[in-house]
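Structure data follow from entry.pdb (PDB, C-alpha atoms, pLDDT in the B column):
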ATOM      1  CA  MET A 573      33.408 -40.381  46.591  1.00 89.00           C
ATOM      2  CA  LEU A 574      34.471 -39.232  43.137  1.00 94.00           C
ATOM      3  CA  TYR A 575      31.732 -39.682  40.507  1.00 95.00           C
ATOM      4  CA  GLY A 576      29.874 -41.778  43.058  1.00 94.00           C
ATOM      5  CA  ILE A 577      32.404 -44.596  42.798  1.00 96.00           C
ATOM      6  CA  GLY A 578      36.004 -43.468  43.377  1.00 97.00           C
ATOM      7  CA  ILE A 579      37.519 -43.564  46.838  1.00 97.00           C
ATOM      8  CA  ASN A 580      40.328 -41.058  47.398  1.00 97.00           C
ATOM      9  CA  ASP A 581      42.377 -42.693  50.145  1.00 97.00           C
ATOM     10  CA  ALA A 582      45.584 -40.793  49.386  1.00 96.00           C
ATOM     11  CA  GLY A 583      47.667 -40.226  52.480  1.00 94.00           C
ATOM     12  CA  TYR A 584      48.638 -36.801  51.155  1.00 96.00           C
ATOM     13  CA  LYS A 585      47.012 -33.721  49.633  1.00 95.00           C
ATOM     14  CA  VAL A 586      46.336 -34.472  45.988  1.00 96.00           C
ATOM     15  CA  ALA A 587      45.943 -30.782  45.141  1.00 95.00           C
ATOM     16  CA  THR A 588      47.705 -27.741  46.567  1.00 94.00           C
ATOM     17  CA  LYS A 589      48.289 -24.110  45.670  1.00 92.00           C
ATOM     18  CA  VAL A 590      51.821 -23.154  44.741  1.00 90.00           C
ATOM     19  CA  ASN A 591      52.491 -19.484  43.977  1.00 92.00           C
ATOM     20  CA  GLY A 592      48.756 -18.989  43.517  1.00 91.00           C
ATOM     21  CA  LYS A 593      48.454 -21.818  41.011  1.00 93.00           C
ATOM     22  CA  GLN A 594      46.643 -25.114  41.557  1.00 94.00           C
ATOM     23  CA  LYS A 595      48.999 -28.109  41.417  1.00 95.00           C
ATOM     24  CA  THR A 596      47.425 -31.566  41.262  1.00 96.00           C
ATOM     25  CA  CYS A 597      49.177 -34.895  41.683  1.00 97.00           C
ATOM     26  CA  PRO A 598      49.493 -36.201  38.092  1.00 96.00           C
ATOM     27  CA  ILE A 599      48.499 -39.745  39.096  1.00 97.00           C
ATOM     28  CA  TYR A 600      45.418 -38.429  40.870  1.00 98.00           C
ATOM     29  CA  ALA A 601      44.553 -36.297  37.821  1.00 97.00           C
ATOM     30  CA  LEU A 602      44.842 -39.382  35.601  1.00 98.00           C
ATOM     31  CA  TRP A 603      42.670 -41.457  37.958  1.00 98.00           C
ATOM     32  CA  ARG A 604      40.057 -38.684  38.049  1.00 98.00           C
ATOM     33  CA  THR A 605      40.080 -38.522  34.227  1.00 98.00           C
ATOM     34  CA  VAL A 606      39.579 -42.285  33.908  1.00 98.00           C
ATOM     35  CA  LEU A 607      36.626 -42.161  36.318  1.00 98.00           C
ATOM     36  CA  GLU A 608      35.186 -39.139  34.517  1.00 98.00           C
ATOM     37  CA  ARG A 609      35.308 -40.927  31.168  1.00 97.00           C
ATOM     38  CA  CYS A 610      33.396 -43.868  32.582  1.00 98.00           C
ATOM     39  CA  TYR A 611      30.977 -42.334  35.070  1.00 97.00           C
ATOM     40  CA  ASN A 612      30.271 -38.718  34.110  1.00 97.00           C
ATOM     41  CA  GLU A 613      27.210 -38.564  31.851  1.00 95.00           C
ATOM     42  CA  ARG A 614      27.867 -34.950  30.898  1.00 95.00           C
ATOM     43  CA  PHE A 615      31.379 -35.879  29.704  1.00 97.00           C
ATOM     44  CA  GLN A 616      30.004 -38.869  27.766  1.00 96.00           C
ATOM     45  CA  LYS A 617      27.414 -36.708  26.036  1.00 95.00           C
ATOM     46  CA  ASN A 618      30.262 -35.027  24.107  1.00 94.00           C
ATOM     47  CA  ASN A 619      32.534 -38.099  24.035  1.00 94.00           C
ATOM     48  CA  THR A 620      30.216 -40.928  23.052  1.00 93.00           C
ATOM     49  CA  LYS A 621      32.967 -43.502  22.554  1.00 91.00           C
ATOM     50  CA  TYR A 622      33.194 -43.750  26.371  1.00 95.00           C
ATOM     51  CA  ILE A 623      29.545 -44.734  26.825  1.00 96.00           C
ATOM     52  CA  GLY A 624      29.542 -48.227  28.324  1.00 96.00           C
ATOM     53  CA  CYS A 625      33.109 -47.956  29.636  1.00 97.00           C
ATOM     54  CA  SER A 626      33.880 -48.947  33.217  1.00 98.00           C
ATOM     55  CA  VAL A 627      36.747 -49.163  35.679  1.00 98.00           C
ATOM     56  CA  ALA A 628      37.811 -52.412  37.346  1.00 98.00           C
ATOM     57  CA  LYS A 629      36.623 -52.549  40.955  1.00 98.00           C
ATOM     58  CA  GLU A 630      40.152 -52.505  42.393  1.00 98.00           C
ATOM     59  CA  TRP A 631      40.839 -49.210  40.595  1.00 98.00           C
ATOM     60  CA  HIS A 632      37.877 -47.577  42.336  1.00 98.00           C
ATOM     61  CA  THR A 633      40.379 -46.994  45.158  1.00 98.00           C
ATOM     62  CA  PHE A 634      42.997 -44.350  44.343  1.00 98.00           C
ATOM     63  CA  SER A 635      45.859 -45.990  46.303  1.00 98.00           C
ATOM     64  CA  VAL A 636      45.477 -49.221  44.308  1.00 98.00           C
ATOM     65  CA  PHE A 637      45.495 -47.329  40.997  1.00 98.00           C
ATOM     66  CA  ARG A 638      48.488 -45.242  42.145  1.00 98.00           C
ATOM     67  CA  SER A 639      50.429 -48.358  43.152  1.00 98.00           C
ATOM     68  CA  TRP A 640      49.807 -49.918  39.731  1.00 98.00           C
ATOM     69  CA  VAL A 641      50.884 -46.730  37.891  1.00 98.00           C
ATOM     70  CA  LEU A 642      54.130 -46.480  39.882  1.00 97.00           C
ATOM     71  CA  LYS A 643      55.077 -50.046  38.866  1.00 97.00           C
ATOM     72  CA  GLN A 644      54.623 -49.400  35.145  1.00 96.00           C
ATOM     73  CA  ASP A 645      57.428 -48.869  32.654  1.00 88.00           C
ATOM     74  CA  LYS A 646      56.633 -45.463  31.218  1.00 90.00           C
ATOM     75  CA  GLY A 647      58.413 -42.432  29.925  1.00 88.00           C
ATOM     76  CA  PRO A 648      57.637 -38.728  29.996  1.00 89.00           C
ATOM     77  CA  GLY A 649      54.550 -37.974  27.925  1.00 89.00           C
ATOM     78  CA  ASP A 650      53.369 -41.589  27.846  1.00 95.00           C
ATOM     79  CA  ARG A 651      49.603 -42.001  28.037  1.00 95.00           C
ATOM     80  CA  LEU A 652      47.342 -44.613  29.576  1.00 96.00           C
ATOM     81  CA  ASN A 653      45.835 -46.786  26.841  1.00 95.00           C
ATOM     82  CA  LYS A 654      42.957 -49.254  27.266  1.00 95.00           C
ATOM     83  CA  ASP A 655      42.466 -50.177  23.599  1.00 91.00           C
ATOM     84  CA  LEU A 656      45.777 -51.528  22.346  1.00 93.00           C
ATOM     85  CA  LEU A 657      45.982 -54.825  24.226  1.00 93.00           C
ATOM     86  CA  VAL A 658      42.282 -55.568  23.741  1.00 91.00           C
ATOM     87  CA  GLN A 659      40.901 -53.801  20.698  1.00 89.00           C
ATOM     88  CA  GLY A 660      37.441 -52.357  21.334  1.00 88.00           C
ATOM     89  CA  ASN A 661      37.946 -52.736  25.087  1.00 93.00           C
ATOM     90  CA  LYS A 662      35.534 -50.902  27.396  1.00 96.00           C
ATOM     91  CA  VAL A 663      37.177 -51.680  30.764  1.00 98.00           C
ATOM     92  CA  TYR A 664      40.044 -49.823  32.400  1.00 98.00           C
ATOM     93  CA  SER A 665      41.923 -52.473  34.392  1.00 98.00           C
ATOM     94  CA  PRO A 666      45.443 -53.666  35.236  1.00 98.00           C
ATOM     95  CA  GLU A 667      45.026 -56.471  32.675  1.00 96.00           C
ATOM     96  CA  THR A 668      43.833 -54.296  29.794  1.00 96.00           C
ATOM     97  CA  CYS A 669      45.782 -51.068  30.253  1.00 96.00           C
ATOM     98  CA  LEU A 670      49.356 -50.007  29.666  1.00 95.00           C
ATOM     99  CA  PHE A 671      51.277 -46.822  29.036  1.00 96.00           C
ATOM    100  CA  VAL A 672      52.260 -45.994  25.465  1.00 95.00           C
ATOM    101  CA  SER A 673      53.873 -43.040  23.742  1.00 91.00           C
ATOM    102  CA  SER A 674      51.655 -40.232  22.530  1.00 86.00           C
ATOM    103  CA  ARG A 675      52.386 -41.349  18.968  1.00 84.00           C
ATOM    104  CA  ILE A 676      51.093 -44.856  19.542  1.00 88.00           C
ATOM    105  CA  HIS A 677      48.139 -43.565  21.533  1.00 85.00           C
ATOM    106  CA  SER A 678      47.015 -41.131  18.853  1.00 77.00           C
ATOM    107  CA  PHE A 679      47.884 -43.555  16.071  1.00 70.00           C
ATOM    108  CA  THR A 680      45.597 -46.278  17.459  1.00 71.00           C
ATOM    109  CA  ALA A 681      42.848 -43.988  18.811  1.00 67.00           C
ATOM    110  CA  THR A 682      39.452 -44.415  17.237  1.00 56.00           C
ATOM    111  CA  ARG A 683      37.783 -41.314  15.962  1.00 52.00           C
ATOM    112  CA  SER A 684      34.218 -42.637  15.966  1.00 48.00           C
ATOM    113  CA  THR A 685      32.701 -39.256  16.789  1.00 44.00           C
ATOM    114  CA  THR A 686      34.143 -37.624  13.637  1.00 49.00           C
ATOM    115  CA  ARG A 687      33.604 -40.381  11.102  1.00 50.00           C
ATOM    116  CA  THR A 688      31.278 -40.065   8.156  1.00 67.00           C
ATOM    117  CA  GLU A 689      29.695 -42.730   5.975  1.00 85.00           C
ATOM    118  CA  THR A 690      33.004 -43.347   4.184  1.00 92.00           C
ATOM    119  CA  PRO A 691      35.525 -45.847   5.568  1.00 94.00           C
ATOM    120  CA  VAL A 692      38.328 -44.763   7.887  1.00 90.00           C
ATOM    121  CA  GLY A 693      41.047 -42.866   6.022  1.00 92.00           C
ATOM    122  CA  VAL A 694      38.725 -42.042   3.119  1.00 96.00           C
ATOM    123  CA  LYS A 695      36.969 -38.853   2.086  1.00 95.00           C
ATOM    124  CA  TRP A 696      34.681 -38.218  -0.862  1.00 96.00           C
ATOM    125  CA  ILE A 697      35.939 -35.299  -2.969  1.00 96.00           C
ATOM    126  CA  GLU A 698      32.992 -33.802  -4.813  1.00 95.00           C
ATOM    127  CA  ASP A 699      35.022 -31.765  -7.334  1.00 96.00           C
ATOM    128  CA  SER A 700      36.910 -34.786  -8.650  1.00 96.00           C
ATOM    129  CA  GLY A 701      34.207 -37.414  -8.206  1.00 96.00           C
ATOM    130  CA  LYS A 702      36.768 -39.615  -6.476  1.00 97.00           C
ATOM    131  CA  PHE A 703      37.685 -40.858  -3.027  1.00 97.00           C
ATOM    132  CA  ARG A 704      40.836 -39.507  -1.371  1.00 97.00           C
ATOM    133  CA  ALA A 705      42.916 -41.737   0.895  1.00 97.00           C
ATOM    134  CA  ILE A 706      44.849 -40.066   3.691  1.00 94.00           C
ATOM    135  CA  CYS A 707      46.550 -41.404   6.809  1.00 92.00           C
ATOM    136  CA  TYR A 708      47.686 -39.694  10.007  1.00 85.00           C
ATOM    137  CA  ASP A 709      51.185 -40.816  10.990  1.00 80.00           C
ATOM    138  CA  GLY A 710      50.841 -40.150  14.729  1.00 74.00           C
ATOM    139  CA  VAL A 711      53.396 -37.328  14.766  1.00 79.00           C
ATOM    140  CA  GLY A 712      51.330 -34.564  13.250  1.00 79.00           C
ATOM    141  CA  THR A 713      51.465 -35.322   9.542  1.00 85.00           C
ATOM    142  CA  ASN A 714      48.664 -36.441   7.286  1.00 90.00           C
ATOM    143  CA  LYS A 715      50.060 -38.464   4.379  1.00 92.00           C
ATOM    144  CA  TYR A 716      48.162 -38.078   1.103  1.00 95.00           C
ATOM    145  CA  LEU A 717      47.804 -41.535  -0.472  1.00 97.00           C
ATOM    146  CA  GLY A 718      46.020 -40.766  -3.718  1.00 97.00           C
ATOM    147  CA  MET A 719      42.602 -40.563  -5.360  1.00 98.00           C
ATOM    148  CA  TYR A 720      40.542 -43.671  -6.095  1.00 98.00           C
ATOM    149  CA  ASP A 721      37.388 -44.574  -7.979  1.00 98.00           C
ATOM    150  CA  THR A 722      35.843 -46.458  -5.043  1.00 97.00           C
ATOM    151  CA  ALA A 723      35.808 -46.027  -1.284  1.00 96.00           C
ATOM    152  CA  ASP A 724      37.037 -49.618  -0.883  1.00 96.00           C
ATOM    153  CA  GLU A 725      40.103 -48.971  -3.066  1.00 97.00           C
ATOM    154  CA  ALA A 726      40.926 -45.844  -1.075  1.00 97.00           C
ATOM    155  CA  HIS A 727      40.470 -47.707   2.213  1.00 96.00           C
ATOM    156  CA  GLU A 728      42.791 -50.501   1.036  1.00 96.00           C
ATOM    157  CA  ALA A 729      45.479 -47.889   0.265  1.00 97.00           C
ATOM    158  CA  TYR A 730      44.946 -46.427   3.730  1.00 95.00           C
ATOM    159  CA  LYS A 731      45.237 -49.852   5.371  1.00 94.00           C
ATOM    160  CA  ALA A 732      48.414 -50.747   3.450  1.00 95.00           C
ATOM    161  CA  TYR A 733      50.103 -47.505   4.496  1.00 94.00           C
ATOM    162  CA  LYS A 734      48.895 -47.742   8.095  1.00 92.00           C
ATOM    163  CA  TYR A 735      50.073 -51.350   8.469  1.00 92.00           C
ATOM    164  CA  ALA A 736      53.510 -50.352   7.116  1.00 92.00           C
ATOM    165  CA  LEU A 737      53.636 -47.615   9.756  1.00 90.00           C
ATOM    166  CA  VAL A 738      52.503 -50.047  12.460  1.00 90.00           C
ATOM    167  CA  LYS A 739      55.269 -52.487  11.488  1.00 93.00           C
ATOM    168  CA  ASP A 740      57.884 -49.730  11.641  1.00 91.00           C
ATOM    169  CA  ILE A 741      56.632 -48.386  14.987  1.00 91.00           C
ATOM    170  CA  ALA A 742      56.316 -51.895  16.473  1.00 93.00           C
ATOM    171  CA  ALA A 743      59.940 -52.755  15.695  1.00 94.00           C
ATOM    172  CA  LYS A 744      61.067 -50.079  18.170  1.00 92.00           C
ATOM    173  CA  GLN A 745      58.768 -51.103  21.061  1.00 92.00           C
ATOM    174  CA  PRO A 746      59.051 -53.427  24.067  1.00 91.00           C
ATOM    175  CA  LYS A 747      57.777 -56.963  23.445  1.00 93.00           C
ATOM    176  CA  ARG A 748      54.257 -56.521  24.912  1.00 92.00           C
ATOM    177  CA  ILE A 749      53.551 -53.334  22.939  1.00 93.00           C
ATOM    178  CA  ARG A 750      55.178 -54.739  19.792  1.00 94.00           C
ATOM    179  CA  ALA A 751      52.942 -57.839  19.894  1.00 94.00           C
ATOM    180  CA  ALA A 752      49.818 -55.751  20.449  1.00 93.00           C
ATOM    181  CA  LEU A 753      50.672 -53.403  17.581  1.00 93.00           C
ATOM    182  CA  LEU A 754      51.365 -56.253  15.174  1.00 93.00           C
ATOM    183  CA  ALA A 755      48.000 -57.837  16.086  1.00 92.00           C
ATOM    184  CA  TYR A 756      46.171 -54.513  15.660  1.00 89.00           C
ATOM    185  CA  LYS A 757      43.239 -54.690  13.235  1.00 89.00           C
ATOM    186  CA  ILE A 758      42.226 -51.594  11.330  1.00 85.00           C
ATOM    187  CA  GLU A 759      38.484 -51.062  11.432  1.00 82.00           C
ATOM    188  CA  LYS A 760      36.708 -50.070   8.240  1.00 83.00           C
ATOM    189  CA  TYR A 761      34.220 -47.747   9.956  1.00 81.00           C
TER     190      TYR A 761
END
Output the file's structure as structure tokens, nothing else.
Amino acid sequence: MLYGIGINDAGYKVATKVNGKQKTCPIYALWRTVLERCYNERFQKNNTKYIGCSVAKEWHTFSVFRSWVLKQDKGPGDRLNKDLLVQGNKVYSPETCLFVSSRIHSFTATRSTTRTETPVGVKWIEDSGKFRAICYDGVGTNKYLGMYDTADEAHEAYKAYKYALVKDIAAKQPKRIRAALLAYKIEKY
């Protein structure tokens, strides 16, 4: 049993040594990570956004999870996402998860553990006495959006820029991902 819940019924070795290095089946590694996020208290202590998360009963069995993964349309570097289809979702399941590009994954990821009392995309700048709006574009660039008198004004600038990015990204996605992106709501905090 993995984390007291996962059943590894793989008909093959999920980890082997090759040239002295440990090689793990990538689907098994993903399954283990999902279970860790949901059922490892030590992991959750440092990653509080996963507190209260769970895995659908059918995914407690590795072969079922593996079968689902192999049927998915995904490209190299795509990541499992549980939050895009159902915003605020706490359950990893076949109905709530899909694979998305790293850009979409990081673009829609919540950063609840690093937020302050200012809204998302906003930082108080002591020297100027103003609020700075900034938005991450999902490819490694933070876009400076200006300085504002109020946190709400700065957050509105952030939202406008982020929604423009979402619209642009969505236009290049398959129908299911496009619809989810266009329905995406930006949280204030």
*For segment 735-740 of chain A, please output as a list in words all residues within 7 Å (counting only C-alpha atoms; exclusion window: fewer than 3 positions along the same chain).*
Lys731, Ala732, Ala743, Leu753 and Leu754 of chain A
*Tell me, in Å to one decimal, how far atom CA of Cys610 of chain A is from atom CA of Ser626 of chain A.*
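Pair atom CA of Cys610 of chain A / atom CA of Ser626 of chain A returns 5.1 Å.
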Within-12 Å shell of (31.8, -41.0, 33.4) in input frame, all atoms listed in the file, as a compact mmCIF listing (two decimals) with C-alpha atoms, in the frame of the given file:
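out_15.txt written:
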# COMPACT_ATOMS: atom_id res chain seq x y z
CA LEU A 574 34.47 -39.23 43.14
CA TYR A 575 31.73 -39.68 40.51
CA GLY A 576 29.87 -41.78 43.06
CA ILE A 577 32.40 -44.60 42.80
CA GLY A 578 36.00 -43.47 43.38
CA TRP A 603 42.67 -41.46 37.96
CA ARG A 604 40.06 -38.68 38.05
CA THR A 605 40.08 -38.52 34.23
CA VAL A 606 39.58 -42.28 33.91
CA LEU A 607 36.63 -42.16 36.32
CA GLU A 608 35.19 -39.14 34.52
CA ARG A 609 35.31 -40.93 31.17
CA CYS A 610 33.40 -43.87 32.58
CA TYR A 611 30.98 -42.33 35.07
CA ASN A 612 30.27 -38.72 34.11
CA GLU A 613 27.21 -38.56 31.85
CA ARG A 614 27.87 -34.95 30.90
CA PHE A 615 31.38 -35.88 29.70
CA GLN A 616 30.00 -38.87 27.77
CA LYS A 617 27.41 -36.71 26.04
CA ASN A 618 30.26 -35.03 24.11
CA ASN A 619 32.53 -38.10 24.04
CA THR A 620 30.22 -40.93 23.05
CA LYS A 621 32.97 -43.50 22.55
CA TYR A 622 33.19 -43.75 26.37
CA ILE A 623 29.54 -44.73 26.82
CA GLY A 624 29.54 -48.23 28.32
CA CYS A 625 33.11 -47.96 29.64
CA SER A 626 33.88 -48.95 33.22
CA VAL A 627 36.75 -49.16 35.68
Let me have the centre and edge lengths of the axis-aligned box enclosing all listed atoms of segment 677-681 of chain A with 6 Å padding on every side, in Å to one decimal, as lines of an AutoDock Vina configuration file.
center_x = 45.5
center_y = -43.7
center_z = 18.8
size_x = 17.3
size_y = 17.1
size_z = 17.5
Need to verify the contact set: segment 675-681 of chain A, 7 Å, only C-alpha atoms, exclusion of same-chain residues closer than 4 positions in sequence. Can you return it as a CSV table (one decimal) with C-alpha atoms, keeping the file's coordinate frame?
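Written output follows (part-v9.csv):
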chain,number,residue,atom,x,y,z
A,651,ARG,CA,49.6,-42.0,28.0
A,653,ASN,CA,45.8,-46.8,26.8
A,709,ASP,CA,51.2,-40.8,11.0
A,710,GLY,CA,50.8,-40.2,14.7
A,711,VAL,CA,53.4,-37.3,14.8
*For Val586 of chain A: contacts at 10 Å, only C-alpha atoms, fewer than 6 positions along chain excluded, given as a list in words*: Asn580, Lys595, Thr596, Cys597, Pro598, Ile599, Tyr600 and Ala601 of chain A
*Evaluate the PyMOL selection byres ((chain A and resi 649) around 9) on the structure here and hand back the selected residues as a PyMOL selection string.*
chain A and resi 646-648+650-651+672-674
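Distance annotation: of A:Ile749, A:Tyr756, A:Gly693, A:Phe634, the residue with the minimal separation from Cys669 of chain A is A:Ile749; atom set is all atoms listed in the file.
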*Can you list, as a list in words, the residues that the PyMOL selection byres ((chain A and resi 697) around 12) selects here?*
Thr690, Val694, Lys695, Trp696, Glu698, Asp699, Ser700, Gly701, Lys702, Phe703, Arg704, Ala705, Gly718, Met719, Tyr720, Asp721, Thr722, Ala723 and Ala726 of chain A
Could the residues in this selection be written to a file with C-alpha atoms, as a PDB file, in the frame of the given file?
ATOM      1  CA  THR A 690      33.004 -43.347   4.184  1.00 92.00           C
ATOM      2  CA  VAL A 694      38.725 -42.042   3.119  1.00 96.00           C
ATOM      3  CA  LYS A 695      36.969 -38.853   2.086  1.00 95.00           C
ATOM      4  CA  TRP A 696      34.681 -38.218  -0.862  1.00 96.00           C
ATOM      5  CA  GLU A 698      32.992 -33.802  -4.813  1.00 95.00           C
ATOM      6  CA  ASP A 699      35.022 -31.765  -7.334  1.00 96.00           C
ATOM      7  CA  SER A 700      36.910 -34.786  -8.650  1.00 96.00           C
ATOM      8  CA  GLY A 701      34.207 -37.414  -8.206  1.00 96.00           C
ATOM      9  CA  LYS A 702      36.768 -39.615  -6.476  1.00 97.00           C
ATOM     10  CA  PHE A 703      37.685 -40.858  -3.027  1.00 97.00           C
ATOM     11  CA  ARG A 704      40.836 -39.507  -1.371  1.00 97.00           C
ATOM     12  CA  ALA A 705      42.916 -41.737   0.895  1.00 97.00           C
ATOM     13  CA  GLY A 718      46.020 -40.766  -3.718  1.00 97.00           C
ATOM     14  CA  MET A 719      42.602 -40.563  -5.360  1.00 98.00           C
ATOM     15  CA  TYR A 720      40.542 -43.671  -6.095  1.00 98.00           C
ATOM     16  CA  ASP A 721      37.388 -44.574  -7.979  1.00 98.00           C
ATOM     17  CA  THR A 722      35.843 -46.458  -5.043  1.00 97.00           C
ATOM     18  CA  ALA A 723      35.808 -46.027  -1.284  1.00 96.00           C
ATOM     19  CA  ALA A 726      40.926 -45.844  -1.075  1.00 97.00           C
TER      20      ALA A 726
END
*Any chance you could resolve the PyMOL selection byres ((chain A and resi 655) around 10) against this file and give the residues as a list in words?*
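Matching residues under the PyMOL selection byres ((chain A and resi 655) around 10) are Leu652, Asn653, Lys654, Leu656, Leu657, Val658, Gln659, Gly660, Asn661, Lys662, Val663, Tyr664, Thr668, Cys669, Leu670, His677, Thr680, Ala681, Thr682, Ala752 and Tyr756 of chain A.
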Could the residues in this selection be saved with C-alpha atoms as a PDB file, in the coordinates of the input?
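selection_13.pdb, freshly written:
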ATOM      1  CA  LEU A 652      47.342 -44.613  29.576  1.00 96.00           C
ATOM      2  CA  ASN A 653      45.835 -46.786  26.841  1.00 95.00           C
ATOM      3  CA  LYS A 654      42.957 -49.254  27.266  1.00 95.00           C
ATOM      4  CA  LEU A 656      45.777 -51.528  22.346  1.00 93.00           C
ATOM      5  CA  LEU A 657      45.982 -54.825  24.226  1.00 93.00           C
ATOM      6  CA  VAL A 658      42.282 -55.568  23.741  1.00 91.00           C
ATOM      7  CA  GLN A 659      40.901 -53.801  20.698  1.00 89.00           C
ATOM      8  CA  GLY A 660      37.441 -52.357  21.334  1.00 88.00           C
ATOM      9  CA  ASN A 661      37.946 -52.736  25.087  1.00 93.00           C
ATOM     10  CA  LYS A 662      35.534 -50.902  27.396  1.00 96.00           C
ATOM     11  CA  VAL A 663      37.177 -51.680  30.764  1.00 98.00           C
ATOM     12  CA  TYR A 664      40.044 -49.823  32.400  1.00 98.00           C
ATOM     13  CA  THR A 668      43.833 -54.296  29.794  1.00 96.00           C
ATOM     14  CA  CYS A 669      45.782 -51.068  30.253  1.00 96.00           C
ATOM     15  CA  LEU A 670      49.356 -50.007  29.666  1.00 95.00           C
ATOM     16  CA  HIS A 677      48.139 -43.565  21.533  1.00 85.00           C
ATOM     17  CA  THR A 680      45.597 -46.278  17.459  1.00 71.00           C
ATOM     18  CA  ALA A 681      42.848 -43.988  18.811  1.00 67.00           C
ATOM     19  CA  THR A 682      39.452 -44.415  17.237  1.00 56.00           C
ATOM     20  CA  ALA A 752      49.818 -55.751  20.449  1.00 93.00           C
ATOM     21  CA  TYR A 756      46.171 -54.513  15.660  1.00 89.00           C
TER      22      TYR A 756
END
*What separation in Å, quoted to one decimal, exists between atom CA of Arg750 of chain A and atom CA of Lys734 of chain A?*
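Distance reported for this atom pair: 15.0 Å.
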*Return the single residue from A:Ala628, A:Cys707, A:Asp724, A:Pro746 that is closest to Lys760 of chain A, with distances computed using all atoms listed in the file.*
A:Asp724
*So how many Å separate atom CA of Lys593 of chain A and atom CA of His632 of chain A, to one decimal?*
27.9 Å
